[in-house]
file final-v6.tsv (TSV, C-alpha atoms)
chain	number	residue	atom	x	y	z
A	234	MET	CA	88.10	51.54	63.93
A	235	MET	CA	90.00	51.31	67.19
A	236	LYS	CA	92.42	54.04	66.12
A	237	TYR	CA	89.52	56.29	65.06
A	238	SER	CA	87.80	55.79	68.43
A	239	LEU	CA	90.97	56.68	70.30
A	240	ILE	CA	91.42	59.86	68.27
A	241	CYS	CA	87.80	60.91	68.98
A	242	LEU	CA	88.36	60.31	72.66
A	243	SER	CA	91.52	62.39	72.52
A	244	LYS	CA	89.68	65.31	70.94
A	245	ARG	CA	86.93	65.18	73.53
A	246	LEU	CA	89.48	65.17	76.34
A	247	ALA	CA	91.23	68.15	74.76
A	248	ALA	CA	87.94	70.07	74.54
A	249	LEU	CA	87.18	69.25	78.15
A	250	SER	CA	90.64	70.39	79.12
A	251	MET	CA	90.16	73.74	77.36
A	252	SER	CA	86.83	74.24	79.16
A	253	CYS	CA	88.63	73.74	82.42
A	254	VAL	CA	91.23	76.29	81.34
A	255	MET	CA	88.55	78.89	80.58
A	256	ILE	CA	86.89	78.30	83.96
A	257	SER	CA	90.27	78.59	85.62
A	258	LEU	CA	91.07	81.82	83.78
A	259	SER	CA	87.74	83.26	84.90
A	260	SER	CA	88.77	82.60	88.48
A	261	VAL	CA	92.07	84.36	87.77
A	262	THR	CA	90.14	87.46	86.65
A	263	ALA	CA	88.02	87.37	89.80
A	264	VAL	CA	91.14	87.14	91.96
A	265	ALA	CA	92.66	90.13	90.13
A	266	GLU	CA	89.57	92.19	91.04
A	267	SER	CA	89.74	91.27	94.71
A	268	ASP	CA	90.66	93.41	97.71
A	269	ASP	CA	94.32	92.44	97.26
A	270	PHE	CA	94.82	95.48	95.05
A	271	ILE	CA	93.01	98.09	97.16
A	272	GLU	CA	95.62	100.48	98.58
A	273	GLU	CA	95.14	102.74	101.60
A	274	VAL	CA	96.40	106.34	101.51
A	275	SER	CA	96.09	109.48	103.63
A	276	CYS	CA	95.32	111.80	100.69
A	277	PRO	CA	92.05	111.61	98.77
A	278	PRO	CA	92.61	110.30	95.21
A	279	SER	CA	89.55	112.29	94.13
A	280	ILE	CA	88.58	115.59	95.76
A	281	VAL	CA	85.82	118.10	95.00
A	282	PHE	CA	85.68	121.71	96.19
A	283	MET	CA	82.27	123.36	96.40
A	284	GLY	CA	80.64	126.53	97.58
A	285	ASP	CA	81.21	130.25	97.19
A	286	SER	CA	83.86	132.73	96.06
A	287	ILE	CA	86.11	131.96	99.04
A	288	ALA	CA	86.66	128.57	97.39
A	289	THR	CA	86.93	129.87	93.83
A	290	GLY	CA	89.94	132.05	94.61
A	291	PHE	CA	88.18	135.29	93.71
A	292	GLY	CA	90.49	138.30	93.83
A	293	LEU	CA	93.73	136.35	93.56
A	294	GLU	CA	96.28	137.01	90.84
A	295	GLY	CA	95.50	134.87	87.79
A	296	TYR	CA	91.92	134.16	88.83
A	297	THR	CA	89.14	134.22	86.27
A	298	SER	CA	85.64	132.82	86.64
A	299	SER	CA	86.26	130.61	83.60
A	300	ASN	CA	89.56	129.22	84.87
A	301	LYS	CA	90.03	128.68	88.59
A	302	SER	CA	93.07	126.41	88.23
A	303	ILE	CA	95.80	129.04	87.79
A	304	CYS	CA	95.52	131.17	90.94
A	305	ALA	CA	97.05	130.29	94.32
A	306	SER	CA	93.74	129.37	95.94
A	307	TYR	CA	93.62	126.87	98.78
A	308	ALA	CA	91.87	124.43	96.43
A	309	ASN	CA	94.82	124.57	94.04
A	310	ILE	CA	97.39	124.47	96.85
A	311	LEU	CA	95.83	121.32	98.28
A	312	SER	CA	95.34	119.71	94.87
A	313	ASP	CA	99.01	120.19	94.01
A	314	ALA	CA	100.08	118.78	97.38
A	315	PHE	CA	97.87	115.69	97.13
A	316	ASP	CA	98.82	115.06	93.50
A	317	GLU	CA	102.49	115.10	94.45
A	318	ALA	CA	101.99	112.89	97.51
A	319	LEU	CA	99.93	110.18	95.80
A	320	PRO	CA	101.41	107.51	93.53
A	321	GLU	CA	100.62	107.74	89.85
A	322	GLU	CA	98.47	104.61	90.13
A	323	ALA	CA	96.03	106.52	92.37
A	324	ASP	CA	95.01	108.58	89.30
A	325	PHE	CA	94.46	111.78	91.32
A	326	SER	CA	91.69	114.13	90.25
A	327	SER	CA	90.47	117.47	91.56
A	328	VAL	CA	87.40	119.48	90.58
A	329	ASN	CA	86.46	122.97	91.77
A	330	LEU	CA	82.71	123.47	91.42
A	331	ALA	CA	82.55	126.62	93.55
A	332	GLN	CA	80.74	129.66	92.14
A	333	ASP	CA	81.14	133.32	92.96
A	334	GLY	CA	78.21	134.74	94.90
A	335	LEU	CA	76.67	131.36	95.77
A	336	THR	CA	74.39	131.25	98.81
A	337	SER	CA	73.51	128.14	100.80
A	338	THR	CA	70.06	128.06	99.22
A	339	GLU	CA	71.56	128.18	95.72
A	340	LEU	CA	74.02	125.43	96.57
A	341	LEU	CA	71.18	123.21	97.76
A	342	GLU	CA	69.23	123.92	94.57
A	343	SER	CA	72.22	122.91	92.44
A	344	LEU	CA	72.63	119.71	94.44
A	345	GLU	CA	68.96	118.82	94.09
A	346	SER	CA	69.02	119.53	90.34
A	347	GLY	CA	71.55	116.74	89.82
A	348	GLU	CA	74.16	119.16	88.49
A	349	TYR	CA	76.89	117.76	90.75
A	350	ASP	CA	75.85	114.11	90.93
A	351	GLU	CA	78.64	112.57	88.84
A	352	TYR	CA	81.37	114.55	90.61
A	353	ILE	CA	80.26	113.71	94.14
A	354	ALA	CA	79.55	110.06	93.35
A	355	ASP	CA	83.21	109.42	92.54
A	356	ALA	CA	84.75	111.74	95.15
A	357	ASP	CA	86.71	110.52	98.15
A	358	ALA	CA	86.46	113.95	99.78
A	359	VAL	CA	84.27	117.01	99.32
A	360	VAL	CA	85.27	120.37	100.83
A	361	VAL	CA	82.57	123.01	101.21
A	362	SER	CA	82.79	126.74	101.90
A	363	ILE	CA	79.29	128.14	102.27
A	364	GLY	CA	77.42	130.75	104.29
A	365	GLY	CA	79.54	133.78	103.40
A	366	ASN	CA	77.04	135.23	100.97
A	367	ASP	CA	74.17	134.52	103.37
A	368	LEU	CA	75.78	136.99	105.81
A	369	LEU	CA	78.64	138.97	104.34
A	370	GLY	CA	76.71	140.01	101.25
A	371	PRO	CA	74.07	141.89	103.26
A	372	PHE	CA	76.84	143.40	105.40
A	373	LEU	CA	78.62	144.94	102.45
A	374	SER	CA	75.50	146.09	100.64
A	375	THR	CA	74.37	147.88	103.79
A	376	PHE	CA	77.55	149.59	104.93
A	377	THR	CA	79.84	150.13	101.95
A	378	SER	CA	77.78	152.61	99.95
A	379	SER	CA	79.71	155.85	99.37
A	380	ASP	CA	76.74	158.16	100.05
A	381	LEU	CA	75.71	156.84	103.49
A	382	ASP	CA	74.98	159.41	106.19
A	383	LEU	CA	74.60	158.68	109.90
A	384	SER	CA	70.82	158.26	109.64
A	385	ASP	CA	71.18	155.75	106.79
A	386	LEU	CA	73.80	153.88	108.76
A	387	ILE	CA	71.54	153.55	111.81
A	388	ASP	CA	68.55	152.48	109.72
A	389	GLY	CA	70.67	150.01	107.81
A	390	PHE	CA	72.05	148.59	111.03
A	391	MET	CA	68.57	148.05	112.49
A	392	ASN	CA	67.28	146.38	109.34
A	393	LEU	CA	70.43	144.32	108.91
A	394	ASP	CA	70.18	142.75	112.35
A	395	THR	CA	66.73	141.37	111.53
A	396	GLN	CA	67.74	140.28	108.04
A	397	LEU	CA	70.80	138.43	109.27
A	398	ASP	CA	68.80	136.57	111.91
A	399	GLU	CA	66.34	135.46	109.24
A	400	ASN	CA	69.20	134.38	107.01
A	401	LEU	CA	70.77	132.41	109.84
A	402	ASP	CA	67.50	130.62	110.61
A	403	ALA	CA	67.26	129.66	106.94
A	404	PHE	CA	70.94	128.63	106.87
A	405	GLU	CA	70.45	126.25	109.77
A	406	ALA	CA	67.74	124.34	107.93
A	407	THR	CA	69.51	124.49	104.58
A	408	LEU	CA	72.84	123.25	105.92
A	409	SER	CA	71.30	119.98	107.12
A	410	ASP	CA	69.76	119.46	103.69
A	411	ILE	CA	73.10	120.20	101.98
A	412	VAL	CA	74.91	117.67	104.17
A	413	GLU	CA	72.24	115.03	103.60
A	414	SER	CA	72.23	115.62	99.84
A	415	ILE	CA	76.01	115.39	99.46
A	416	SER	CA	76.27	112.33	101.70
A	417	SER	CA	73.50	110.50	99.83
A	418	LEU	CA	75.21	111.10	96.48
A	419	SER	CA	78.54	109.58	97.49
A	420	GLN	CA	79.25	106.03	96.34
A	421	LYS	CA	82.55	105.63	98.18
A	422	ASP	CA	82.76	103.71	101.46
A	423	ASP	CA	85.60	105.92	102.69
A	424	PHE	CA	84.00	109.21	101.63
A	425	THR	CA	84.44	112.22	103.94
A	426	LEU	CA	82.74	115.61	103.82
A	427	PHE	CA	84.51	118.69	105.21
A	428	ILE	CA	82.79	122.02	105.90
A	429	GLN	CA	84.71	125.18	106.70
A	430	THR	CA	83.74	127.67	109.36
A	431	LEU	CA	83.48	131.29	108.19
A	432	TYR	CA	86.17	133.77	109.25
A	433	ASN	CA	85.18	137.25	110.44
A	434	PRO	CA	86.67	139.86	108.08
A	435	PHE	CA	85.34	142.68	110.30
A	436	ASP	CA	87.18	141.79	113.51
A	437	ASP	CA	89.37	144.92	113.28
A	438	TYR	CA	86.93	147.07	111.37
A	439	SER	CA	87.01	150.77	112.16
A	440	ILE	CA	83.24	151.01	112.70
A	441	SER	CA	82.69	149.22	116.00
A	442	MET	CA	79.02	148.42	115.40
A	443	ILE	CA	79.97	146.51	112.25
A	444	ALA	CA	82.77	144.68	114.04
A	445	ASP	CA	80.45	143.72	116.91
A	446	LEU	CA	77.62	142.66	114.62
A	447	GLY	CA	80.01	140.61	112.53
A	448	GLU	CA	81.33	138.82	115.58
A	449	GLU	CA	77.81	138.03	116.79
A	450	LYS	CA	76.27	136.85	113.53
A	451	ILE	CA	79.28	135.07	112.05
A	452	GLY	CA	79.82	133.48	115.46
A	453	ARG	CA	76.28	132.12	115.36
A	454	LEU	CA	76.75	130.79	111.83
A	455	ASN	CA	79.84	128.89	112.95
A	456	GLU	CA	77.95	127.50	115.94
A	457	ILE	CA	75.31	126.19	113.53
A	458	ILE	CA	78.02	124.43	111.48
A	459	ILE	CA	79.67	122.90	114.56
A	460	ASP	CA	76.35	121.84	116.13
A	461	CYS	CA	75.24	120.24	112.86
A	462	SER	CA	78.45	118.21	112.66
A	463	GLN	CA	77.97	116.92	116.21
A	464	ASP	CA	74.30	116.09	115.75
A	465	GLU	CA	74.65	114.22	112.46
A	466	SER	CA	78.29	113.04	112.47
A	467	LEU	CA	78.19	113.24	108.69
A	468	PHE	CA	81.00	115.72	108.18
A	469	ARG	CA	84.13	117.15	109.76
A	470	VAL	CA	84.59	120.81	110.58
A	471	ALA	CA	87.61	122.72	109.28
A	472	ASP	CA	87.87	125.62	111.72
A	473	VAL	CA	89.07	128.40	109.44
A	474	ALA	CA	87.47	131.02	111.70
A	475	THR	CA	89.83	130.31	114.59
A	476	ALA	CA	92.88	130.45	112.34
A	477	PHE	CA	91.80	133.90	111.07
A	478	ASP	CA	90.80	135.29	114.46
A	479	GLY	CA	92.31	138.76	114.91
A	480	ARG	CA	94.13	138.56	111.56
A	481	ALA	CA	91.61	139.99	109.10
A	482	GLU	CA	93.91	142.80	107.99
A	483	GLU	CA	96.70	140.29	107.39
A	484	LEU	CA	94.75	137.50	105.68
A	485	THR	CA	91.96	139.29	103.77
A	486	ASN	CA	91.50	142.27	101.47
A	487	ILE	CA	89.13	144.01	103.90
A	488	SER	CA	91.20	147.21	103.77
A	489	ASP	CA	89.95	147.51	100.19
A	490	LEU	CA	86.40	146.66	101.31
A	491	ASP	CA	86.90	143.16	99.89
A	492	ILE	CA	86.08	140.38	102.35
A	493	HIS	CA	87.91	137.66	100.37
A	494	PRO	CA	91.14	136.03	101.52
A	495	ASN	CA	94.36	137.24	99.96
A	496	ALA	CA	97.13	134.85	98.88
A	497	GLN	CA	98.36	134.55	102.47
A	498	GLY	CA	94.82	133.87	103.61
A	499	HIS	CA	94.40	131.06	101.09
A	500	ALA	CA	97.68	129.53	102.25
A	501	GLU	CA	96.36	129.70	105.81
A	502	ILE	CA	93.09	127.96	104.84
A	503	ALA	CA	95.11	125.25	103.09
A	504	SER	CA	97.18	124.76	106.26
A	505	VAL	CA	93.95	124.29	108.26
A	506	LEU	CA	92.40	121.85	105.80
A	507	GLU	CA	95.40	119.70	104.90
A	508	PRO	CA	96.00	117.96	108.26
A	509	ILE	CA	92.28	117.40	108.79
A	510	ILE	CA	91.84	115.87	105.34
A	511	GLU	CA	94.98	113.75	105.72
A	512	SER	CA	93.83	112.43	109.11
A	513	GLU	CA	91.26	110.31	107.26
A	514	THR	CA	92.00	107.09	105.37
A	515	TYR	CA	91.17	106.77	101.68
A	516	THR	CA	91.57	103.94	99.21
A	517	TYR	CA	92.17	103.43	95.54
A	518	TYR	CA	92.17	100.35	93.33
A	519	ASP	CA	95.62	99.70	91.84
A	520	GLU	CA	94.42	98.71	88.39
A	521	GLU	CA	97.89	98.42	86.89
A	522	ALA	CA	99.05	96.01	89.60
A	523	ALA	CA	95.82	94.03	89.23
A	524	LEU	CA	96.23	93.74	85.46
A	525	ALA	CA	99.88	92.71	85.83
A	526	ALA	CA	98.91	90.05	88.36
A	527	GLN	CA	96.08	88.89	86.13
A	528	GLU	CA	98.35	88.60	83.10
A	529	ALA	CA	100.98	86.73	85.11
A	530	ALA	CA	98.37	84.34	86.49
A	531	MET	CA	96.88	83.76	83.04
A	532	GLN	CA	100.32	83.13	81.54
A	533	LYS	CA	101.15	80.63	84.28
A	534	GLN	CA	97.79	78.94	83.80
A	535	LEU	CA	98.31	78.67	80.05
A	536	GLU	CA	101.82	77.31	80.48
A	537	GLU	CA	100.57	74.70	82.95
A	538	GLU	CA	97.74	73.76	80.60
A	539	ASN	CA	100.13	73.53	77.67
A	540	GLU	CA	102.32	71.18	79.67
A	541	ARG	CA	99.28	69.08	80.60
A	542	GLN	CA	98.20	68.90	76.97
A	543	GLN	CA	101.67	67.82	75.88
A	544	GLN	CA	101.66	65.10	78.51
A	545	GLU	CA	98.19	64.02	77.35
A	546	GLN	CA	99.40	63.89	73.76
A	547	ARG	CA	102.40	61.78	74.76
A	548	ARG	CA	100.14	59.40	76.68
A	549	GLU	CA	97.73	59.26	73.74
A	550	LYS	CA	100.53	58.40	71.33
A	551	ILE	CA	101.75	55.66	73.66
A	552	THR	CA	98.18	54.35	74.03
A	553	ILE	CA	97.60	54.40	70.27
A	554	ALA	CA	100.95	52.76	69.60
A	555	ALA	CA	100.20	50.08	72.18
A	556	ALA	CA	96.77	49.53	70.67
A	557	ILE	CA	98.24	49.24	67.18
A	558	ALA	CA	100.88	46.84	68.45
A	559	ALA	CA	98.25	44.77	70.22
A	560	ALA	CA	96.15	44.77	67.08
A	561	ALA	CA	99.17	43.70	65.04
A	562	VAL	CA	99.90	40.84	67.44
A	563	ALA	CA	96.25	39.81	67.33
A	564	ILE	CA	96.26	39.91	63.53
A	565	GLY	CA	99.51	37.97	63.50
A	566	ALA	CA	98.05	35.36	65.80
A	567	VAL	CA	94.98	35.04	63.62
A	568	SER	CA	97.15	34.71	60.53
A	569	VAL	CA	99.21	31.95	62.14
A	570	THR	CA	96.08	30.12	63.15
A	571	ILE	CA	94.64	30.34	59.64
A	572	PHE	CA	97.92	29.26	58.11
A	573	THR	CA	98.16	26.26	60.50
A	574	LYS	CA	94.62	25.17	59.66
A	575	ARG	CA	95.31	25.34	55.94
A	576	ARG	CA	98.42	23.17	56.28
A	577	SER	CA	96.48	20.63	58.33
A	578	ARG	CA	93.86	20.37	55.57
A	579	LYS	CA	96.49	19.87	52.88
A	580	LYS	CA	98.09	16.96	54.76
A	581	LYS	CA	94.77	15.25	54.98
call {"tool": "encode", "arguments": {"input": "final-v6.tsv", "output": "structure tokens"}}
result
Amino acid sequence: MMKYSLICLSKRLAALSMSCVMISLSSVTAVAESDDFIEEVSCPPSIVFMGDSIATGFGLEGYTSSNKSICASYANILSDAFDEALPEEADFSSVNLAQDGLTSTELLESLESGEYDEYIADADAVVVSIGGNDLLGPFLSTFTSSDLDLSDLIDGFMNLDTQLDENLDAFEATLSDIVESISSLSQKDDFTLFIQTLYNPFDDYSISMIADLGEEKIGRLNEIIIDCSQDESLFRVADVATAFDGRAEELTNISDLDIHPNAQGHAEIASVLEPIIESETYTYYDEEAALAAQEAAMQKQLEEENERQQQEQRREKITIAAAIAAAAVAIGAVSVTIFTKRRSRKKK
């Protein structure tokens, strides 16, 4: 009975010990998910490019609307640079959601529809090029027709001035909504939004009225972007316009009546964006290091528990052996007493 009771006690202690192990292992898991494995970097582990055809890489060699990843666009230049700079554990990702012909109003509609939610939620950085089609589209449709005469040109100029002002008024309101929508979708504490200013492809244009109008209206659009960034402090401005100033012939295809950047222009945009993006601090969770630490901690915990159990088993064996020995002595003593009493009775 005594031996049975000791064995039961041993089993209960073992069960209690295992419960303690499980609780301890749970704490190991919690430690592995702590801030100890959050690494800081200067390149965003996840970046999203949004906006219009300036961001898609339209017009570049290798570009197609169904595959924007082959051409030498600034989005691809930056993605390659960040991917190379970041450690493999950062699990770099890049998505280009830009669409040819997109206006600011259409971008806002896409944001409000939930189309981009999952991409922005996980992004460390979002880079936006928008406003070009709000202004440059009307420019080209007005002045690039092959059958324009002087009268048409004057009429188009007068109508365009009014149309562009209306578009700029709408852009000012829409931009704030775009910024608010993107910022509200982000789930990263270190998220940063970057918005590019719009370069003037008409700065050396042969028709002076177009060059002057472009400078005025595109200048106002860029003022709206800069003012919005100062008022709301929700995004950083990438001043592409200044980098392109006086270099339209060199950096765009305007000589072919195409306002888009050429390969050199995309490289220039990348050189503007890269230092601004890298001036921010981003983080990533080093899952591999966390798992390795968790496994090491669990192994150590199990080894320590195994050693404790072995010690408990040794103590239990000693206790049982001592109990058996004590029981044997007690039985022996009882036997001697009985034997002595029997002898005393026989003598009588």
call {"tool": "residues_around", "arguments": {"input": "final-v6.tsv", "residues": "Thr514 of chain A", "least_positions_apart": "4", "cutoff": "10 Å", "atoms": "all atoms listed in the file", "output": "list in words"}}
result
Glu273, Val274, Ser275, Cys276, Pro277, Asp357, Asp423, Phe424, Thr425 and Ile510 of chain A
call {"tool": "residues_around", "arguments": {"input": "final-v6.tsv", "residues": "Glu501 of chain A", "least_positions_apart": "5", "cutoff": "10 Å", "atoms": "only C-alpha atoms", "output": "PyMOL selection string"}}
result
chain A and resi 307+473+476-477+484+494-496+506
call {"tool": "closest_residue", "arguments": {"input": "final-v6.tsv", "among": "A:Gln546, A:Ser327, A:Ser362, A:Ser488", "to": "Leu340 of chain A", "atoms": "all atoms listed in the file"}}
result
A:Ser362
call {"tool": "residues_around", "arguments": {"input": "final-v6.tsv", "residues": "His493 of chain A", "least_positions_apart": "5", "cutoff": "8 Å", "atoms": "all atoms listed in the file", "output": "MDAnalysis selection string"}}
result
chainID A and resid 286:287 291:292 485:487
call {"tool": "atom_distance", "arguments": {"input": "final-v6.tsv", "atom1": "atom CA of Leu311 of chain A", "atom2": "atom CA of Leu467 of chain A"}}
result
22.0 Å
call {"tool": "atom_distance", "arguments": {"input": "final-v6.tsv", "atom1": "atom CA of Tyr296 of chain A", "atom2": "atom CA of Asn400 of chain A"}}
result
29.1 Å
call {"tool": "atom_distance", "arguments": {"input": "final-v6.tsv", "atom1": "atom CA of Glu482 of chain A", "atom2": "atom CA of Gly365 of chain A"}}
result
17.6 Å
call {"tool": "residues_around", "arguments": {"input": "final-v6.tsv", "residues": "Gly284 of chain A", "least_positions_apart": "6", "cutoff": "7 Å", "atoms": "all atoms listed in the file", "output": "list in words"}}
result
Ala331, Gln332, Leu335, Leu340, Val361, Ser362 and Ile363 of chain A
call {"tool": "residues_around", "arguments": {"input": "final-v6.tsv", "residues": "Ile310 of chain A", "least_positions_apart": "3", "cutoff": "12 Å", "atoms": "all atoms listed in the file", "output": "VMD selection string"}}
result
chain A and resid 288 290 301 to 307 313 to 317 327 496 to 507
call {"tool": "axis_aligned_box", "arguments": {"input": "final-v6.tsv", "around": "segment 501-516 of chain A", "padding_each_side": "8 Å", "output": "AutoDock Vina command-line options"}}
result
--center_x 94.2 --center_y 116.8 --center_z 104.2 --size_x 22.0 --size_y 41.8 --size_z 25.9
